[in-house]
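Dumped run-v1.pdb below, it's PDB, C-alpha atoms and all ligand atoms:
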```
ATOM      1  CA  MET A   1      12.553 -18.799  -7.893
ATOM      2  CA  LYS A   2       8.956 -17.828  -7.277
ATOM      3  CA  HIS A   3       8.116 -14.332  -6.196
ATOM      4  CA  HIS A   4       4.833 -13.532  -4.616
ATOM      5  CA  ALA A   5       2.952 -10.570  -5.964
ATOM      6  CA  GLN A   6       3.920  -8.248  -3.169
ATOM      7  CA  ALA A   7       1.665  -5.759  -1.541
ATOM      8  CA  ARG A   8       2.564  -3.427   1.242
ATOM      9  CA  HIS A   9       1.610  -5.324   4.327
ATOM     10  CA  ALA A  10      -0.360  -2.993   6.483
ATOM     11  CA  THR A  11      -2.810  -5.366   8.111
ATOM     12  CA  THR A  12      -1.104  -4.799  11.452
ATOM     13  CA  ALA A  13      -1.410  -1.032  11.155
ATOM     14  CA  PRO A  14      -3.171   0.465  14.178
ATOM     15  CA  VAL A  15      -6.835   1.275  13.688
ATOM     16  CA  VAL A  16      -7.658   4.702  15.085
ATOM     17  CA  LYS A  17     -10.862   6.689  15.282
ATOM     18  CA  SER A  18      -9.808  10.282  14.728
ATOM     19  CA  SER A  19     -11.445  12.097  11.821
ATOM     20  CA  PRO A  20      -9.633  11.959   8.486
ATOM     21  CA  ARG A  21      -7.855  15.153   7.552
ATOM     22  CA  THR A  22      -5.171  15.605   4.958
ATOM     23  CA  ASN A  23      -2.138  17.874   4.864
ATOM     24  CA  GLU A  24      -0.757  17.530   1.372
ATOM     25  CA  HIS A  25       0.428  21.153   1.399
ATOM     26  CA  LEU A  26       3.085  20.226   3.961
ATOM     27  CA  PHE A  27       5.277  18.350   1.477
ATOM     28  CA  GLU A  28       6.388  18.366  -2.144
ATOM     29  CA  ILE A  29       7.313  15.615  -4.597
ATOM     30  CA  ARG A  30      10.798  15.743  -6.105
ATOM     31  CA  GLY A  31      13.801  13.571  -6.941
ATOM     32  CA  SER A  32      15.009  11.300  -4.142
ATOM     33  CA  ASP A  33      18.363   9.648  -3.390
ATOM     34  CA  ILE A  34      16.488   6.523  -2.242
ATOM     35  CA  GLN A  35      14.587   5.868  -5.445
ATOM     36  CA  GLY A  36      12.970   7.907  -8.210
ATOM     37  CA  LYS A  37      10.760  10.558  -6.698
ATOM     38  CA  GLY A  38      10.112  11.098  -3.016
ATOM     39  CA  ALA A  39       8.080  13.308  -0.684
ATOM     40  CA  PHE A  40       9.937  16.066   1.140
ATOM     41  CA  ALA A  41       8.718  18.205   4.026
ATOM     42  CA  LEU A  42       8.304  21.893   3.114
ATOM     43  CA  VAL A  43       8.091  22.949   6.757
ATOM     44  CA  ASP A  44       8.747  21.380  10.134
ATOM     45  CA  ILE A  45       5.942  18.840  10.602
ATOM     46  CA  PRO A  46       4.920  17.803  14.127
ATOM     47  CA  LYS A  47       4.734  14.191  15.257
ATOM     48  CA  GLY A  48       1.348  12.551  14.671
ATOM     49  CA  THR A  49       0.428  14.662  11.636
ATOM     50  CA  ARG A  50      -1.808  12.977   9.094
ATOM     51  CA  LEU A  51      -0.164  13.732   5.752
ATOM     52  CA  ILE A  52      -2.155  12.103   2.993
ATOM     53  CA  GLU A  53      -4.534   9.248   2.258
ATOM     54  CA  TYR A  54      -3.191   6.286   0.294
ATOM     55  CA  THR A  55      -5.858   6.093  -2.383
ATOM     56  CA  GLY A  56      -6.398   3.804  -5.346
ATOM     57  CA  GLU A  57      -8.662   1.173  -6.754
ATOM     58  CA  LYS A  58      -9.732  -1.507  -4.274
ATOM     59  CA  ILE A  59      -9.101  -4.932  -5.791
ATOM     60  CA  SER A  60      -8.935  -8.593  -4.726
ATOM     61  CA  ASN A  61      -5.772 -10.661  -4.259
ATOM     62  CA  ALA A  62      -6.598 -12.554  -7.447
ATOM     63  CA  GLU A  63      -6.951  -9.341  -9.421
ATOM     64  CA  SER A  64      -3.651  -8.114  -7.986
ATOM     65  CA  ASP A  65      -1.929 -11.323  -9.135
ATOM     66  CA  ARG A  66      -3.503 -10.937 -12.550
ATOM     67  CA  ARG A  67      -2.292  -7.349 -12.917
ATOM     68  CA  TYR A  68       1.204  -7.814 -11.569
ATOM     69  CA  ASP A  69       3.457 -10.819 -11.957
ATOM     70  CA  ASP A  70       6.749 -10.254 -10.153
ATOM     71  CA  ASP A  71       8.262 -13.211 -12.013
ATOM     72  CA  THR A  72       8.112 -11.319 -15.285
ATOM     73  CA  MET A  73       9.342  -8.035 -13.835
ATOM     74  CA  THR A  74      13.026  -7.229 -14.012
ATOM     75  CA  ARG A  75      12.570  -4.781 -11.180
ATOM     76  CA  HIS A  76       9.874  -4.759  -8.543
ATOM     77  CA  HIS A  77       7.724  -1.719  -9.102
ATOM     78  CA  THR A  78       4.086  -1.676  -8.057
ATOM     79  CA  PHE A  79       1.872   0.555  -5.962
ATOM     80  CA  LEU A  80      -0.055  -2.099  -4.066
ATOM     81  CA  PHE A  81      -1.086  -1.745  -0.461
ATOM     82  CA  THR A  82      -2.693  -4.535   1.560
ATOM     83  CA  LEU A  83      -5.770  -3.082   3.227
ATOM     84  CA  SER A  84      -7.084  -6.360   4.649
ATOM     85  CA  SER A  85      -6.803 -10.096   4.025
ATOM     86  CA  ARG A  86      -9.205  -9.723   1.112
ATOM     87  CA  THR A  87      -8.608  -6.243  -0.210
ATOM     88  CA  ILE A  88      -5.632  -4.579  -1.876
ATOM     89  CA  VAL A  89      -5.453  -0.937  -2.882
ATOM     90  CA  ASP A  90      -3.780  -0.307  -6.232
ATOM     91  CA  GLY A  91      -2.315   3.188  -6.153
ATOM     92  CA  ALA A  92      -1.547   2.980  -9.878
ATOM     93  CA  VAL A  93      -5.286   3.410 -10.558
ATOM     94  CA  GLY A  94      -6.831   6.514  -9.010
ATOM     95  CA  GLY A  95      -3.867   7.047  -6.719
ATOM     96  CA  ASN A  96      -2.311  10.321  -5.603
ATOM     97  CA  ASP A  97       1.071  11.671  -4.470
ATOM     98  CA  SER A  98       1.149   9.131  -1.632
ATOM     99  CA  ILE A  99       2.574   6.576  -4.067
ATOM    100  CA  TYR A 100       5.800   8.591  -4.186
ATOM    101  CA  ILE A 101       6.480   8.279  -0.468
ATOM    102  CA  ASN A 102       9.491   5.970  -0.278
ATOM    103  CA  HIS A 103      10.251   3.063   2.030
ATOM    104  CA  SER A 104      12.869   3.286   4.786
ATOM    105  CA  CYS A 105      14.001   0.819   7.445
ATOM    106  CA  GLU A 106      14.345   3.826   9.784
ATOM    107  CA  PRO A 107      11.099   5.671   9.065
ATOM    108  CA  ASN A 108       9.692   8.966  10.338
ATOM    109  CA  SER A 109       6.121   8.058   9.382
ATOM    110  CA  GLU A 110       3.776   5.071   9.335
ATOM    111  CA  SER A 111       0.626   3.860   7.645
ATOM    112  CA  VAL A 112      -2.554   3.650   9.700
ATOM    113  CA  ILE A 113      -5.960   2.296   8.752
ATOM    114  CA  VAL A 114      -9.024   4.313   9.744
ATOM    115  CA  ARG A 115     -12.401   2.796   8.894
ATOM    116  CA  GLY A 116     -11.159   1.088   5.777
ATOM    117  CA  ARG A 117      -9.004   3.980   4.581
ATOM    118  CA  ILE A 118      -5.211   4.163   4.637
ATOM    119  CA  TRP A 119      -3.389   7.236   5.889
ATOM    120  CA  ILE A 120       0.259   8.158   6.171
ATOM    121  CA  GLU A 121       1.121   9.852   9.470
ATOM    122  CA  THR A 122       4.344  11.153  10.974
ATOM    123  CA  THR A 123       5.694   9.179  13.943
ATOM    124  CA  ARG A 124       8.135  11.878  14.988
ATOM    125  CA  LYS A 125       8.871  15.497  14.169
ATOM    126  CA  VAL A 126       9.992  15.782  10.540
ATOM    127  CA  LYS A 127      12.224  18.731   9.753
ATOM    128  CA  ALA A 128      11.774  20.939   6.680
ATOM    129  CA  GLY A 129      13.653  19.416   3.742
ATOM    130  CA  GLU A 130      13.687  15.919   5.242
ATOM    131  CA  GLU A 131      12.321  13.079   3.127
ATOM    132  CA  ILE A 132       9.093  11.551   4.419
ATOM    133  CA  VAL A 133       9.428   7.758   4.613
ATOM    134  CA  TYR A 134       7.611   4.796   6.132
ATOM    135  CA  ASP A 135       8.264   1.067   6.432
ATOM    136  CA  TYR A 136       6.464  -0.827   3.631
ATOM    137  CA  GLN A 137       6.764  -4.091   5.618
ATOM    138  CA  TYR A 138       6.435  -6.500   2.704
ATOM    139  CA  GLU A 139       5.262  -9.870   3.957
ATOM    140  CA  ASP A 140       7.960 -12.505   4.624
ATOM    141  CA  TYR A 141       7.395 -16.031   3.284
ATOM    142  CA  ASP A 142       8.961 -19.299   4.469
ATOM    143  CA  ASP A 143      10.108 -20.187   0.973
ATOM    144  CA  TYR A 144      11.929 -16.934   0.341
ATOM    145  CA  THR A 145      15.587 -17.301  -0.636
ATOM    146  CA  MET A 146      18.328 -14.663  -0.648
ATOM    147  CA  THR A 147      17.481 -14.012  -4.297
ATOM    148  CA  ASP A 148      13.927 -13.158  -3.343
ATOM    149  CA  TYR A 149      15.010 -10.823  -0.552
ATOM    150  CA  LEU A 150      17.395  -9.071  -2.905
ATOM    151  CA  PHE A 151      14.659  -8.775  -5.536
ATOM    152  CA  TYR A 152      13.064  -6.497  -2.938
ATOM    153  CA  ALA A 153      16.410  -4.951  -1.998
ATOM    154  CA  CYS A 154      16.317  -1.814   0.130
ATOM    155  CA  ARG A 155      18.576   1.142  -0.571
ATOM    156  CA  CYS A 156      17.270   3.450   2.139
ATOM    157  CA  GLY A 157      20.809   4.166   3.341
ATOM    158  CA  SER A 158      19.822   4.000   7.003
ATOM    159  CA  ARG A 159      22.263   2.549   9.546
ATOM    160  CA  LYS A 160      19.384   0.297  10.561
ATOM    161  CA  CYS A 161      18.789  -0.885   6.983
ATOM    162  CA  ARG A 162      17.840  -4.568   6.964
ATOM    163  CA  GLY A 163      18.789  -4.832   3.265
ATOM    164  CA  THR A 164      15.336  -5.722   2.034
ATOM    165  CA  ILE A 165      11.895  -4.162   2.053
ATOM    166  CA  VAL A 166      10.554  -7.533   3.245
ATOM    167  CA  LYS A 167       9.738  -7.444   6.958
ATOM    168  CA  VAL A 168      12.342  -9.987   8.067
ATOM    169  CA  PRO A 169      12.910 -10.798  11.779
ATOM    170  CA  PRO A 170      14.889  -8.077  13.629
ATOM    171  CA  ARG A 171      18.218  -9.953  13.730
ATOM    172  CA  LYS A 172      18.083 -11.037  10.115
ATOM    173  CA  ARG A 173      19.891  -8.681   7.798
ATOM    174  CA  ILE A 174      20.079  -9.203   4.089
ATOM    175  CA  LYS A 175      23.462  -8.256   2.705
ATOM    176  CA  PRO A 176      24.385  -8.027  -0.939
ATOM    177  CA  LYS A 177      27.743  -9.676  -1.707
ATOM    178  CA  ARG A 178      29.805  -6.492  -1.800
ATOM    179  CA  ALA A 179      28.432  -5.118   1.440
ATOM    180  CA  ALA A 180      29.116  -8.439   3.165
ATOM    181  CA  ALA A 181      32.882  -7.883   2.987
ATOM    182  CA  LYS A 182      34.483  -7.445   6.395
ATOM    183  CA  LYS A 183      35.121  -3.910   7.460
ATOM    184  CA  LYS A 184      38.740  -3.127   8.273
ATOM    185  CA  LYS A 185      39.599  -0.870  11.146
ATOM    186  CA  SER A 186      41.593   2.061   9.862
TER
HETATM  187 ZN    ZN A 201      16.582  -0.109   4.295
END
```

What does this structure look like when you write it as C-alpha cells?
Amino acid sequence: MKHHAQARHATTAPVVKSSPRTNEHLFEIRGSDIQGKGAFALVDIPKGTRLIEYTGEKISNAESDRRYDDDTMTRHHTFLFTLSSRTIVDGAVGGNDSIYINHSCEPNSESVIVRGRIWIETTRKVKAGEEIVYDYQYEDYDDYTMTDYLFYACRCGSRKCRGTIVKVPPRKRIKPKRAAAKKKKS
C-alpha cells in the first residue's frame, strides 16, 4: 500500500475577483461530532459570505512530501491545501482557525482562490449553531485501493457521504465492512 501525501485539492476552485474580506467573528471553534474541533456559526450567516482565509506557509510538493509521509502515519492528519500544481499551503505553519473547519460530503461552504489566496465561503445560508464544513476533495489516484480510500475515511454523517474524503466519482461510494451489510426493512 502506498499513500500519496495528500493535500486538499483546490485547483479547480473558482477564481473570483472580489476584494478579500474576512468574517472570523461569525463563528467559533469548539468540539465537533465529525472530528476533533470544528467551526460553528454564532449567527445566521448569509450565502456567499467570505469567512476566513486559509493561511499557512507556502511550500513545494517535494517539501510537503518531506514533511509528511502518510505511510508512517497511523491516522491521516495534516493541514495541507493545494494552491496550484506547484504550491501547497501548510496550515500547520502560520495557519489560523481555518484549519479547524471540517470536511463534509454535503457541505455548506467551499474554498475559493482569489489572486493566489485561499478563502472559505458559504455556499448557502448557514444557521446559527450549525457546523461550517466544506468538501476537501482529496485527489483520486488510479492505484488507490479500498485500503487507501478508508485511510482517508469520512465520518461526516451526511446522507450523501461517499465514505472517503477522496473525491471519487459520483456513483462510487466507499463502504466500510460493517456499513456494507444489507439494510432490513422493519
Ligand atoms: Zn462524508

Target residues per the PyMOL selection byres (((not hetatm)) within 8 of (chain A and resi 201)), formatted as an NGL selection string: :A and (103-106 or 153-158 or 160-165)

For each of A:Thr147, A:Ser85, A:Thr123, A:Asn61, take the minimum atom-to-atom distance to Ile45 of chain A, counting only C-alpha atoms, then give the residue where this is smallest.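 With only C-alpha atoms as the atom set, the closest residue is A:Thr123.
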
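For the residues A:Gly91, A:Pro46, A:Gly38, A:Pro170, ranking by smallest atom-to-atom distance to Ser64 of chain A using all atoms listed in the file places A:Gly91 first.
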
How many Å separate atom CA of Ile101 of chain A from atom CA of Glu121 of chain A? 11.4 Å

Given the file shown, enumerate the residues that the PyMOL selection byres (((chain A and resi 122) around 8) and not hetatm) captures and present them as a PyMOL selection string. chain A and resi 45-51+108-110+120-121+123-126

With C-alpha atoms retained, write the just-selected residues as a compact mmCIF listing (two decimals), in the frame of the given file.
```txt
# COMPACT_ATOMS: atom_id res chain seq x y z
CA ILE A 45 5.94 18.84 10.60
CA PRO A 46 4.92 17.80 14.13
CA LYS A 47 4.73 14.19 15.26
CA GLY A 48 1.35 12.55 14.67
CA THR A 49 0.43 14.66 11.64
CA ARG A 50 -1.81 12.98 9.09
CA LEU A 51 -0.16 13.73 5.75
CA ASN A 108 9.69 8.97 10.34
CA SER A 109 6.12 8.06 9.38
CA GLU A 110 3.78 5.07 9.34
CA ILE A 120 0.26 8.16 6.17
CA GLU A 121 1.12 9.85 9.47
CA THR A 123 5.69 9.18 13.94
CA ARG A 124 8.14 11.88 14.99
CA LYS A 125 8.87 15.50 14.17
CA VAL A 126 9.99 15.78 10.54
```
